[in-house]
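Containing compact mmCIF, C-alpha atoms: work-v4.txt.
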# COMPACT_ATOMS: atom_id res chain seq x y z
CA MET A 1 -29.24 10.57 7.14
CA ASP A 2 -27.81 7.18 8.07
CA ALA A 3 -24.28 8.52 7.49
CA ASP A 4 -22.47 11.47 6.02
CA ALA A 5 -20.80 9.10 3.58
CA ILE A 6 -21.31 5.48 2.60
CA VAL A 7 -18.42 3.62 0.99
CA VAL A 8 -19.44 0.62 -1.13
CA GLY A 9 -16.56 -1.83 -1.30
CA GLY A 10 -13.85 -2.72 1.19
CA GLY A 11 -10.82 -3.11 -1.06
CA LEU A 12 -7.75 -0.90 -0.72
CA ALA A 13 -9.38 2.09 -2.42
CA GLY A 14 -12.53 1.87 -0.32
CA LEU A 15 -10.63 1.49 2.93
CA VAL A 16 -8.39 4.48 2.22
CA SER A 17 -11.29 6.70 1.19
CA ALA A 18 -13.33 5.67 4.24
CA ALA A 19 -10.43 6.25 6.64
CA ARG A 20 -9.54 9.62 5.13
CA LEU A 21 -13.15 10.83 5.24
CA ALA A 22 -13.58 9.73 8.84
CA GLU A 23 -10.29 11.36 9.81
CA THR A 24 -11.75 14.70 8.70
CA GLY A 25 -14.74 14.22 11.00
CA ALA A 26 -17.27 12.63 8.67
CA ASP A 27 -19.64 9.88 9.84
CA VAL A 28 -18.75 6.99 7.51
CA THR A 29 -20.21 3.53 6.93
CA LEU A 30 -18.36 1.01 4.76
CA LEU A 31 -20.25 -1.87 3.14
CA GLU A 32 -18.35 -4.95 1.96
CA ARG A 33 -19.96 -7.89 0.18
CA ARG A 34 -17.49 -10.52 1.41
CA PRO A 35 -17.05 -11.67 5.02
CA ARG A 36 -13.70 -9.87 5.18
CA VAL A 37 -12.35 -6.64 3.71
CA GLY A 38 -9.47 -6.58 1.26
CA GLY A 39 -10.99 -6.96 -2.20
CA ARG A 40 -8.46 -8.64 -4.48
CA VAL A 41 -5.71 -8.22 -1.88
CA ARG A 42 -6.43 -11.03 0.52
CA SER A 43 -4.90 -14.20 1.95
CA ARG A 44 -6.06 -17.51 3.32
CA GLU A 45 -4.59 -20.51 5.12
CA VAL A 46 -4.52 -23.93 3.42
CA ASP A 47 -2.94 -26.89 5.23
CA GLY A 48 -0.82 -24.53 7.30
CA PHE A 49 0.37 -22.48 4.31
CA THR A 50 -0.42 -18.79 3.87
CA LEU A 51 -1.65 -18.25 0.32
CA ASP A 52 -2.37 -14.86 -1.17
CA ARG A 53 -5.07 -14.52 -3.81
CA GLY A 54 -2.65 -15.11 -6.65
CA PHE A 55 0.96 -13.98 -6.59
CA GLN A 56 1.02 -10.38 -5.36
CA VAL A 57 3.78 -8.11 -4.12
CA LEU A 58 4.19 -4.64 -2.65
CA PHE A 59 6.51 -2.08 -4.27
CA THR A 60 7.86 -0.26 -1.22
CA SER A 61 8.77 2.94 -3.10
CA TYR A 62 5.26 3.66 -4.36
CA PRO A 63 4.39 7.17 -3.09
CA ALA A 64 0.93 6.11 -1.95
CA VAL A 65 2.44 3.26 0.07
CA ALA A 66 4.48 5.78 2.05
CA ARG A 67 1.38 7.97 2.54
CA GLU A 68 -1.18 5.37 3.50
CA LEU A 69 0.68 2.45 5.10
CA ASP A 70 2.95 1.82 8.06
CA THR A 71 5.42 -0.43 6.24
CA GLU A 72 7.44 -1.08 9.38
CA ALA A 73 4.37 -2.55 11.07
CA LEU A 74 3.75 -4.77 8.02
CA ASP A 75 6.99 -6.63 8.84
CA LEU A 76 7.99 -6.89 5.20
CA ARG A 77 10.06 -9.69 3.68
CA ARG A 78 12.03 -8.50 0.65
CA PHE A 79 12.96 -10.20 -2.60
CA SER A 80 16.50 -9.81 -3.89
CA PRO A 81 16.73 -7.26 -6.71
CA GLY A 82 16.44 -8.51 -10.27
CA ALA A 83 15.69 -12.11 -11.17
CA THR A 84 17.20 -15.36 -12.36
CA ILE A 85 16.79 -16.09 -16.07
CA CYS A 86 16.23 -19.83 -16.48
CA ARG A 87 16.36 -22.28 -19.35
CA PRO A 88 17.19 -26.01 -19.45
CA GLY A 89 20.57 -26.52 -17.80
CA SER A 90 21.13 -22.80 -17.22
CA ARG A 91 20.39 -20.22 -14.54
CA ALA A 92 21.72 -16.67 -14.97
CA VAL A 93 21.30 -13.87 -12.43
CA LEU A 94 20.43 -10.38 -13.63
CA SER A 95 20.47 -7.90 -10.76
CA ASP A 96 20.76 -4.18 -10.12
CA PRO A 97 24.44 -3.40 -9.47
CA LEU A 98 23.53 -0.13 -7.77
CA ARG A 99 21.20 -1.79 -5.27
CA GLU A 100 23.05 -5.10 -4.93
CA PRO A 101 26.78 -4.51 -5.49
CA THR A 102 27.63 -8.06 -4.40
CA ALA A 103 25.86 -9.40 -7.50
CA ALA A 104 27.47 -6.93 -9.92
CA ILE A 105 30.08 -9.33 -11.30
CA GLU A 106 27.61 -12.18 -11.63
CA SER A 107 25.19 -9.91 -13.50
CA ALA A 108 27.93 -8.53 -15.73
CA LEU A 109 28.85 -12.09 -16.76
CA ASN A 110 25.22 -12.97 -17.55
CA ARG A 111 25.18 -14.08 -21.20
CA GLU A 112 21.42 -13.99 -21.54
CA VAL A 113 21.53 -10.19 -21.85
CA PRO A 114 24.13 -8.34 -23.95
CA PHE A 115 26.42 -5.95 -22.08
CA SER A 116 25.17 -3.05 -24.21
CA ASP A 117 21.66 -3.64 -22.84
CA LYS A 118 22.97 -3.52 -19.30
CA LEU A 119 24.41 -0.09 -20.05
CA ARG A 120 21.12 0.99 -21.65
CA THR A 121 19.31 -0.15 -18.51
CA LEU A 122 21.44 2.20 -16.41
CA ALA A 123 20.76 5.03 -18.87
CA LEU A 124 17.03 4.30 -18.74
CA ARG A 125 17.16 4.29 -14.96
CA TYR A 126 18.80 7.72 -14.95
CA ASP A 127 16.26 9.10 -17.44
CA LEU A 128 13.26 7.92 -15.45
CA SER A 129 14.68 9.07 -12.13
CA ASN A 130 14.30 12.67 -13.29
CA ARG A 131 10.61 12.37 -14.15
CA ALA A 132 7.84 13.77 -11.95
CA ASP A 133 5.17 11.34 -10.74
CA ASP A 134 2.39 13.06 -12.67
CA GLU A 135 4.22 12.82 -16.01
CA PHE A 136 4.06 9.06 -16.51
CA PHE A 137 0.38 8.64 -17.36
CA ALA A 138 -0.30 12.16 -18.60
CA ASP A 139 0.77 12.17 -22.27
CA ALA A 140 -1.58 9.76 -24.01
CA GLY A 141 -0.67 11.16 -27.42
CA SER A 142 2.85 9.76 -27.23
CA ASP A 143 1.94 6.47 -25.58
CA ALA A 144 3.18 3.20 -27.04
CA SER A 145 3.41 -0.44 -26.09
CA ILE A 146 6.23 -1.68 -23.89
CA ARG A 147 7.68 -3.60 -26.83
CA GLU A 148 7.69 -0.49 -29.04
CA TYR A 149 9.17 1.59 -26.24
CA LEU A 150 12.06 -0.80 -25.69
CA ALA A 151 12.73 -0.95 -29.43
CA ASP A 152 12.91 2.85 -29.55
CA TRP A 153 15.48 2.72 -26.76
CA GLY A 154 17.53 0.26 -28.80
CA PHE A 155 17.27 -2.77 -26.53
CA SER A 156 18.12 -6.07 -28.20
CA SER A 157 15.68 -8.89 -28.89
CA ASP A 158 17.61 -11.08 -26.42
CA TYR A 159 17.02 -8.60 -23.60
CA VAL A 160 13.34 -8.36 -24.44
CA SER A 161 12.66 -12.07 -24.88
CA ASN A 162 14.91 -13.45 -22.12
CA PHE A 163 14.17 -10.92 -19.39
CA VAL A 164 11.44 -8.37 -20.09
CA GLU A 165 8.83 -10.77 -21.52
CA PRO A 166 8.71 -13.09 -18.48
CA PHE A 167 9.46 -10.40 -15.87
CA TYR A 168 6.95 -7.84 -17.10
CA GLY A 169 4.64 -10.64 -18.12
CA GLY A 170 4.39 -11.21 -14.39
CA ILE A 171 3.75 -7.54 -13.62
CA THR A 172 1.31 -6.73 -16.44
CA LEU A 173 0.02 -10.31 -17.00
CA ASP A 174 0.85 -9.69 -20.65
CA ARG A 175 3.90 -11.45 -22.02
CA SER A 176 3.25 -9.96 -25.46
CA LEU A 177 4.31 -6.58 -23.98
CA SER A 178 1.34 -4.83 -25.56
CA THR A 179 0.67 -2.94 -22.32
CA SER A 180 1.16 0.84 -22.13
CA LYS A 181 4.76 1.95 -21.75
CA ALA A 182 3.65 4.15 -18.83
CA VAL A 183 3.21 1.04 -16.67
CA PHE A 184 6.73 -0.11 -17.56
CA GLU A 185 8.26 3.29 -16.84
CA TYR A 186 6.52 3.77 -13.50
CA THR A 187 7.23 0.30 -12.16
CA PHE A 188 10.80 0.27 -13.48
CA ARG A 189 11.53 3.47 -11.57
CA ALA A 190 9.79 2.10 -8.49
CA MET A 191 12.03 -0.97 -8.50
CA SER A 192 15.15 1.15 -8.85
CA ARG A 193 14.11 3.20 -5.80
CA GLY A 194 12.89 0.50 -3.46
CA SER A 195 12.18 -3.16 -2.90
CA ILE A 196 9.62 -5.75 -3.92
CA ALA A 197 8.25 -7.28 -0.74
CA ILE A 198 5.49 -9.25 0.93
CA PRO A 199 4.29 -8.93 4.55
CA ALA A 200 5.27 -11.77 6.86
CA ASP A 201 1.59 -12.44 7.59
CA GLY A 202 0.52 -12.38 3.93
CA MET A 203 -0.75 -9.63 1.64
CA ALA A 204 -3.98 -9.48 3.67
CA ALA A 205 -1.95 -7.62 6.29
CA ILE A 206 -2.23 -4.55 4.05
CA PRO A 207 -6.04 -4.22 4.04
CA ASP A 208 -6.12 -5.39 7.65
CA GLN A 209 -3.93 -2.44 8.60
CA LEU A 210 -6.10 -0.05 6.60
CA ALA A 211 -9.25 -1.50 8.20
CA GLU A 212 -7.79 -0.92 11.65
CA ARG A 213 -6.97 2.66 10.68
CA ALA A 214 -10.52 3.15 9.43
CA ALA A 215 -12.01 1.67 12.60
CA ASP A 216 -9.79 3.89 14.77
CA ALA A 217 -11.12 6.88 12.83
CA GLY A 218 -14.69 5.83 13.59
CA VAL A 219 -15.73 4.08 10.38
CA GLU A 220 -18.53 1.54 10.81
CA VAL A 221 -17.50 -1.51 8.76
CA ARG A 222 -20.32 -3.84 7.75
CA THR A 223 -19.28 -7.05 5.99
CA GLY A 224 -21.57 -9.51 4.23
CA GLU A 225 -23.56 -6.61 2.74
CA ASP A 226 -24.44 -6.95 -0.96
CA VAL A 227 -25.40 -3.65 -2.59
CA GLU A 228 -28.17 -3.84 -5.18
CA ALA A 229 -28.25 -0.21 -6.34
CA VAL A 230 -27.08 3.35 -5.72
CA ASP A 231 -29.82 5.91 -6.40
CA VAL A 232 -29.59 9.68 -6.51
CA GLY A 233 -33.29 10.03 -7.34
CA SER A 234 -34.81 12.34 -9.90
CA GLY A 235 -32.38 15.11 -10.77
CA GLY A 236 -30.03 13.91 -8.06
CA ARG A 237 -32.51 14.58 -5.22
CA PHE A 238 -34.93 12.53 -3.17
CA ARG A 239 -37.12 13.08 -0.13
CA LEU A 240 -35.86 11.84 3.24
CA GLY A 241 -38.53 11.40 5.92
CA SER A 242 -40.50 14.56 6.56
CA GLY A 243 -37.61 16.95 6.28
CA GLY A 244 -38.28 17.93 2.67
CA PRO A 245 -36.11 17.46 -0.42
CA VAL A 246 -32.40 17.25 0.27
CA ASP A 247 -29.28 16.49 -1.71
CA GLY A 248 -28.00 12.99 -1.18
CA ALA A 249 -27.89 9.41 -2.35
CA ARG A 250 -29.55 6.18 -1.35
CA VAL A 251 -27.95 2.75 -1.20
CA GLU A 252 -30.26 -0.23 -1.65
CA LEU A 253 -29.05 -3.53 -0.20
CA ALA A 254 -29.91 -6.92 -1.62
CA ASP A 255 -31.93 -7.79 1.51
CA GLY A 256 -34.17 -4.76 0.96
CA GLU A 257 -32.63 -2.40 3.49
CA THR A 258 -31.96 1.16 2.32
CA LEU A 259 -29.36 3.58 3.64
CA ASP A 260 -29.24 7.32 2.98
CA ALA A 261 -26.14 9.49 2.91
CA ASN A 262 -24.98 12.88 1.74
CA CYS A 263 -22.42 11.16 -0.48
CA VAL A 264 -21.66 7.63 -1.69
CA VAL A 265 -18.22 6.38 -2.69
CA VAL A 266 -18.40 3.40 -5.06
CA ALA A 267 -15.20 1.40 -4.55
CA THR A 268 -16.16 -1.95 -6.08
CA THR A 269 -14.67 -3.99 -8.92
CA PRO A 270 -14.81 -2.31 -12.35
CA PRO A 271 -17.79 -4.34 -13.65
CA GLU A 272 -19.76 -3.68 -10.47
CA ALA A 273 -18.84 0.02 -10.43
CA ARG A 274 -20.05 0.34 -14.00
CA ARG A 275 -23.34 -1.37 -13.08
CA LEU A 276 -23.94 0.74 -9.98
CA THR A 277 -23.03 4.14 -11.46
CA GLY A 278 -23.71 3.80 -15.19
CA VAL A 279 -20.33 5.40 -15.98
CA GLU A 280 -19.43 3.83 -19.31
CA SER A 281 -15.75 4.80 -19.16
CA VAL A 282 -15.17 2.33 -16.31
CA PRO A 283 -13.12 -0.39 -18.06
CA GLU A 284 -14.83 -3.69 -18.78
CA SER A 285 -11.94 -5.66 -20.28
CA GLY A 286 -9.96 -7.69 -17.77
CA VAL A 287 -6.68 -9.62 -17.91
CA PRO A 288 -6.65 -13.10 -16.32
CA ASN A 289 -4.06 -14.81 -14.17
CA VAL A 290 -3.58 -18.27 -12.74
CA THR A 291 -1.30 -18.92 -9.77
CA ALA A 292 -0.57 -22.49 -8.74
CA TRP A 293 0.83 -23.02 -5.26
CA PHE A 294 3.21 -25.95 -4.70
CA SER A 295 5.09 -27.39 -1.77
CA LEU A 296 8.12 -29.63 -1.35
CA PRO A 297 8.84 -32.04 1.51
CA GLU A 298 10.09 -30.67 4.82
CA ARG A 299 13.65 -29.36 4.76
CA SER A 300 14.03 -29.91 1.03
CA SER A 301 17.18 -28.27 -0.27
CA PHE A 302 16.05 -25.61 -2.73
CA SER A 303 17.49 -22.11 -2.88
CA THR A 304 17.01 -19.27 -5.35
CA ARG A 305 18.66 -16.64 -3.12
CA ARG A 306 15.24 -14.97 -2.85
CA ARG A 307 14.96 -14.30 -6.58
CA ILE A 308 12.07 -14.86 -8.97
CA LEU A 309 12.82 -17.57 -11.55
CA LEU A 310 11.93 -16.42 -15.08
CA ASN A 311 11.12 -18.93 -17.79
CA ALA A 312 13.20 -17.80 -20.78
CA ALA A 313 12.59 -20.99 -22.76
CA GLY A 314 8.81 -21.21 -22.58
CA GLU A 315 5.64 -19.65 -21.23
CA SER A 316 4.21 -22.36 -18.97
CA PRO A 317 4.84 -21.42 -16.26
CA ASN A 318 5.77 -17.81 -16.90
CA ALA A 319 7.73 -17.68 -13.64
CA VAL A 320 8.26 -19.56 -10.39
CA VAL A 321 8.45 -17.60 -7.15
CA PRO A 322 10.25 -18.87 -4.00
CA ILE A 323 7.62 -17.59 -1.57
CA SER A 324 8.78 -19.31 1.62
CA GLU A 325 12.44 -18.52 0.95
CA VAL A 326 11.50 -14.83 0.96
CA ALA A 327 8.95 -15.17 3.79
CA PRO A 328 9.45 -18.37 5.82
CA GLU A 329 6.27 -17.50 7.75
CA TYR A 330 4.18 -18.52 4.72
CA ALA A 331 5.00 -22.20 5.16
CA PRO A 332 4.86 -24.70 8.07
CA ARG A 333 7.55 -27.09 9.25
CA ASN A 334 10.30 -25.72 6.98
CA ARG A 335 8.46 -26.89 3.88
CA PRO A 336 9.31 -24.85 0.76
CA LEU A 337 6.33 -23.05 -0.78
CA LEU A 338 6.48 -22.03 -4.45
CA ALA A 339 4.09 -19.99 -6.58
CA ALA A 340 4.02 -20.62 -10.32
CA THR A 341 2.25 -18.09 -12.53
CA PHE A 342 0.44 -18.84 -15.79
CA LEU A 343 -0.79 -16.20 -18.23
CA GLY A 344 -3.62 -16.00 -20.76
CA GLU A 345 -7.21 -17.16 -21.06
CA ALA A 346 -6.26 -20.78 -21.80
CA ALA A 347 -4.61 -21.14 -18.38
CA LEU A 348 -7.98 -20.60 -16.68
CA GLU A 349 -9.24 -23.92 -18.10
CA ARG A 350 -6.19 -26.07 -17.44
CA GLU A 351 -6.31 -28.85 -14.87
CA ALA A 352 -4.24 -28.56 -11.70
CA ALA A 353 -2.36 -31.73 -12.63
CA ASP A 354 -1.26 -30.19 -15.93
CA LEU A 355 -0.06 -27.03 -14.20
CA ARG A 356 1.93 -29.15 -11.77
CA ALA A 357 3.43 -31.21 -14.61
CA ASP A 358 4.59 -28.08 -16.45
CA THR A 359 6.09 -26.60 -13.29
CA ARG A 360 7.84 -29.83 -12.33
CA GLU A 361 9.26 -30.18 -15.85
CA ALA A 362 10.53 -26.59 -15.86
CA LEU A 363 12.14 -26.85 -12.42
CA SER A 364 13.76 -30.18 -13.27
CA ALA A 365 15.25 -28.64 -16.40
CA TRP A 366 16.52 -25.56 -14.56
CA TYR A 367 17.88 -27.59 -11.64
CA PRO A 368 19.07 -30.87 -13.22
CA GLU A 369 21.11 -31.62 -10.09
CA ARG A 370 17.96 -32.39 -8.12
CA GLY A 371 14.53 -33.90 -8.68
CA PHE A 372 11.06 -32.47 -8.25
CA GLU A 373 8.92 -35.61 -8.30
CA SER A 374 7.74 -34.78 -4.78
CA LEU A 375 6.26 -31.42 -5.85
CA GLU A 376 2.75 -31.25 -4.38
CA THR A 377 -0.13 -28.98 -5.34
CA VAL A 378 -1.43 -26.94 -2.42
CA ALA A 379 -4.02 -24.84 -4.29
CA VAL A 380 -4.72 -23.11 -7.59
CA ASP A 381 -6.07 -19.56 -7.93
CA ARG A 382 -7.88 -18.88 -11.22
CA ILE A 383 -8.62 -15.15 -11.51
CA PRO A 384 -10.49 -14.08 -14.68
CA PHE A 385 -10.22 -10.35 -13.88
CA ALA A 386 -6.85 -9.88 -12.17
CA GLN A 387 -6.22 -6.45 -13.72
CA PHE A 388 -8.05 -4.23 -16.14
CA ALA A 389 -6.46 -4.22 -19.60
CA GLN A 390 -3.98 -1.36 -20.10
CA PRO A 391 -3.18 -0.96 -23.81
CA PRO A 392 -1.49 2.25 -25.00
CA GLY A 393 -3.70 5.29 -24.52
CA VAL A 394 -6.14 3.66 -22.11
CA HIS A 395 -5.24 5.82 -19.13
CA ALA A 396 -6.52 8.95 -20.87
CA THR A 397 -9.94 7.30 -21.20
CA LEU A 398 -10.37 6.27 -17.56
CA PRO A 399 -13.13 7.90 -15.50
CA ALA A 400 -12.54 10.69 -13.01
CA PRO A 401 -13.71 10.18 -9.43
CA ASP A 402 -16.58 12.67 -9.86
CA ASP A 403 -17.88 11.31 -13.18
CA PRO A 404 -21.04 9.68 -11.72
CA GLU A 405 -24.25 11.68 -11.51
CA GLY A 406 -25.06 13.41 -8.26
CA PRO A 407 -23.18 13.04 -4.97
CA VAL A 408 -21.55 9.76 -5.99
CA VAL A 409 -17.78 9.27 -6.33
CA LEU A 410 -15.68 6.51 -7.89
CA ALA A 411 -12.73 4.98 -6.03
CA GLY A 412 -10.67 2.23 -7.62
CA GLU A 413 -7.47 1.64 -9.53
CA TYR A 414 -9.53 2.02 -12.72
CA THR A 415 -9.45 5.79 -12.08
CA GLU A 416 -5.63 5.71 -12.01
CA TRP A 417 -3.81 2.58 -13.24
CA SER A 418 -3.85 -1.09 -12.33
CA ALA A 419 -1.58 -1.50 -9.31
CA ILE A 420 -1.59 -1.14 -5.53
CA GLN A 421 -0.30 2.38 -6.12
CA GLY A 422 -3.34 3.12 -8.28
CA ALA A 423 -5.77 1.68 -5.74
CA LEU A 424 -4.30 3.56 -2.77
CA GLU A 425 -4.01 6.82 -4.68
CA SER A 426 -7.58 6.55 -5.95
CA GLY A 427 -8.79 6.22 -2.37
CA ARG A 428 -7.12 9.50 -1.52
CA THR A 429 -8.53 11.38 -4.53
CA ALA A 430 -11.98 9.90 -4.01
CA ALA A 431 -12.01 11.05 -0.38
CA ALA A 432 -11.14 14.58 -1.53
CA ALA A 433 -13.94 14.53 -4.12
CA ALA A 434 -16.42 13.18 -1.58
CA ARG A 435 -15.39 15.85 0.89
CA GLU A 436 -16.36 18.52 -1.64
CA HIS A 437 -19.85 17.01 -1.87
CA LEU A 438 -20.14 17.00 1.92
CA GLU A 439 -19.08 20.62 2.16
CA THR A 440 -21.43 21.86 -0.59

Written as structure tokens, that's how I'd like the structure from this file.
Amino acid sequence: MDADAIVVGGGLAGLVSAARLAETGADVTLLERRPRVGGRVRSREVDGFTLDRGFQVLFTSYPAVARELDTEALDLRRFSPGATICRPGSRAVLSDPLREPTAAIESALNREVPFSDKLRTLALRYDLSNRADDEFFADAGSDASIREYLADWGFSSDYVSNFVEPFYGGITLDRSLSTSKAVFEYTFRAMSRGSIAIPADGMAAIPDQLAERAADAGVEVRTGEDVEAVDVGSGGRFRLGSGGPVDGARVELADGETLDANCVVVATTPPEARRLTGVESVPESGVPNVTAWFSLPERSSFSTRRRILLNAAGESPNAVVPISEVAPEYAPRNRPLLAATFLGEAALEREAADLRADTREALSAWYPERGFESLETVAVDRIPFAQFAQPPGVHATLPAPDDPEGPVVLAGEYTEWSAIQGALESGRTAAAAAREHLET
């Protein structure tokens, strides 16, 4: 055998599963197609700016984050709770009075959201705080869309359209709020328990930390390795050398090399996992996202008090994020760095100049006291498959880690739900399933 276990894919799920397997004494090799691990969670430097692959954040209260990451070492930079609801000539703060008492009066006076909805929000927070982690995605029979869920709770149309649509449009990439209510419930509770943050060195610091953990445990990480196929042979067995038939799996690389292992963990993107394993319940439908990165001249006066700006009057952009105000390390020479998010398939085809024009127009309307003619485009990330689609009931149809034939295991958020929590948790459950194969 070339290894006890081979992990195909170096995203968060693959890194966690590899590290956990190696920490139990297994000989593990991880194969990653790109030059660097991280999967969809990665960063790059452009003209001195740190740019993540699209706007991404870390919810610090996710249970898997506490289990798998050293958040203190990530040197996190935190957003202020809540957001600012923006429309032409108006900016209104909506915050969490329990987590940010200093903004309680300002939030109470916010006219974008009726006071009754603010009370309902506190009641919802209390209700969700008493739920166990395994309850949120378990009851597919009672699932509903976020919009239906909020209507059942009695929230007003103003609350939904002015706050939830742009805010959860950013989380679920679905401003129509047709995503499963389970995603809303889980993330809502997470925000009430912790912070939304980004590492000072960019989101790539997360997989970098996991890769270091894996290396310390003895994992051999091979980047630039494109996997052509995963084969368990006839009846899940094949012959290795002259030692006779044995249980195991074979990984075929695009360059013709083959590697044999007792178990293979497939931790690739959903389309690739479906191709490699033949598991038809791996989701194929993806939700797109476009993030346009903009800068302003050095020392430009622009402050949001570390809050996300929500577009309550339109959908382009859905929101504008003050990245460098939250994490000054993302930008050089005191130049403000902003991320504007755009939703839907049509955004993938729009020119960078049009995205800039929409963002400049929105900011100028929200901040009429200053101009944004100097707004410059740094880069644009167009991501056709940013999340897998999560309509009501979808989570009951997702594959289990041990669904593939033979000693092959799935690891990826598509076995849980689409979030960093789902990816990290899937790595843990995949490692446990792979361990059972190794011990059989």

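Distance-wise, atom CA of Glu361 of chain A and atom CA of Arg299 of chain A end up 21.1 Å apart.
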
| Lys181 of chain A: which residues within 7 Å, counting only C-alpha atoms, same-chain residues fewer than 5 positions away excluded, as a ChimeraX atom specification? | /A:143-146,149

| message | Using only C-alpha atoms and a cutoff of 8 Å, can you tell me which residues are near (-0.1, 2.6, -9.6) in the file's coordinates, and write them out as a PyMOL selection string? | response | chain A and resi 62+183+186+413+416-423+425

| task | Please measure the separation of atom CA of Met1 of chain A and atom CA of Arg34 of chain A, giving the value in Å to one decimal. | result |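 Interatomic distance here is 24.8 Å.
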
| task | Please identify all polymer residues lying at most 9 Å from the point (-3.2, -10.5, 4.8) (file coordinates), using only C-alpha atoms, and present the result as a PyMOL selection string. | result | chain A and resi 38+41-44+50+52+199-209

| Residue among A:Val320, A:Val230, A:Ile196, A:Leu310 lying closest to Pro81 of chain A, counting only C-alpha atoms |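 Going through A:Val320, A:Val230, A:Ile196, A:Leu310 one by one, the smallest distance to Pro81 of chain A is for A:Ile196.
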
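Ranking A:Gly344, A:Pro328, A:Pro391, A:Gly154 by their shortest atom-to-atom distance to Arg120 of chain A, with all atoms listed in the file included, puts A:Gly154 first.
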
| message | Taking all atoms listed in the file into account, name the residue in A:Ala331, A:Val321, A:Ala347, A:Ala433 that is nearest to Leu363 of chain A. | response | A:Val321

| query | Which neighbours of Met191 of chain A fall inside 8 Å, counting all atoms listed in the file, when residues of the same chain fewer than 4 positions from it are skipped, and could you give them as a VMD selection string? | reply | chain A and resid 59 61 187 195 to 196

| said: Just checking: using all atoms listed in the file, which residue out of A:Asp381, A:Glu68, A:Asp255, A:Glu45 ends up closest to Gly224 of chain A? | reply: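 So, comparing all the options, the nearest one is A:Asp255.
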
| Near-segment 399-410 of chain A list (7 Å; all atoms listed in the file; drop same-chain fewer than 3 positions) as a list in words |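 Once the adjacent positions are removed, what remains is Val232, Gly236, Gly248, Ala249, Asn262, Cys263, Val264, Val265, Val266, Ala267, Thr277, Val279, Ser281, Val282, Thr415, Ala430, Ala433, Ala434 and His437 of chain A.
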
| Could you state the separation of atom CA of Gly218 of chain A and atom CA of Asp27 of chain A in Å, given to one decimal place? | 7.4 Å

Segment 416-421 of chain A, all listed atoms, 5 Å padding on each side: what axis-aligned box centre and edge lengths in Å to one decimal come out, as AutoDock Vina command-line options?
--center_x -3.0 --center_y 2.1 --center_z -9.4 --size_x 15.3 --size_y 17.2 --size_z 17.7

| query | Using all atoms listed in the file, which of the listed residues (A:Glu100, A:Ala132, A:Tyr330, A:Tyr159) sits closest to Phe115 of chain A? | reply |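 Of all the options, A:Tyr159 lies closest to Phe115 of chain A.
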
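Of the residues listed (A:Glu220, A:Asp96, A:Arg87, A:Thr341), A:Glu220 shows the shortest atom-to-atom separation from Ile6 of chain A; distances use all atoms listed in the file.
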
All residues 8 Å or closer to Ala379 of chain A, only C-alpha atoms, same chain fewer than 3 positions away omitted, as a PDB file with C-alpha atoms, in the frame of the given file:
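The new file part.pdb reads:
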ATOM      1  CA  VAL A  46      -4.520 -23.930   3.420  1.00  0.00           C
ATOM      2  CA  ALA A 292      -0.570 -22.490  -8.740  1.00  0.00           C
ATOM      3  CA  TRP A 293       0.830 -23.020  -5.260  1.00  0.00           C
ATOM      4  CA  PHE A 294       3.210 -25.950  -4.700  1.00  0.00           C
TER       5      PHE A 294
END

| task | Find the residues near Asn162 of chain A: any atom within 12 Å, counting all atoms listed in the file, skip ones fewer than 4 places away on the same chain, and give them as a PyMOL selection string. | result | chain A and resi 83-87+91-94+110-114+117+155-158+166-169+175+309-315+318-319

How close does segment 187-304 of chain A get to segment 123-126 of chain A? List, as a Markdown table, each residue of segment 187-304 of chain A within 10 Å, its nearest atom pair and the distance in Å to one decimal, counting all atoms listed in the file.
| residue | atom | partner | partner_atom | distance |
| --- | --- | --- | --- | --- |
| A:Phe188 | CA | A:Arg125 | CA | 7.7 |
| A:Arg189 | CA | A:Arg125 | CA | 6.6 |
| A:Met191 | CA | A:Arg125 | CA | 9.8 |
| A:Ser192 | CA | A:Arg125 | CA | 7.2 |
| A:Arg193 | CA | A:Arg125 | CA | 9.7 |

Selected residues, C-alpha atoms, written as a short mmCIF file (atom, residue, chain, number, x, y, z; two decimals), in the coordinates of the input, please.
data_model
loop_
_atom_site.label_atom_id
_atom_site.label_comp_id
_atom_site.auth_asym_id
_atom_site.auth_seq_id
_atom_site.Cartn_x
_atom_site.Cartn_y
_atom_site.Cartn_z
CA PHE A 188 10.80 0.27 -13.48
CA ARG A 189 11.53 3.47 -11.57
CA MET A 191 12.03 -0.97 -8.50
CA SER A 192 15.15 1.15 -8.85
CA ARG A 193 14.11 3.20 -5.80
#
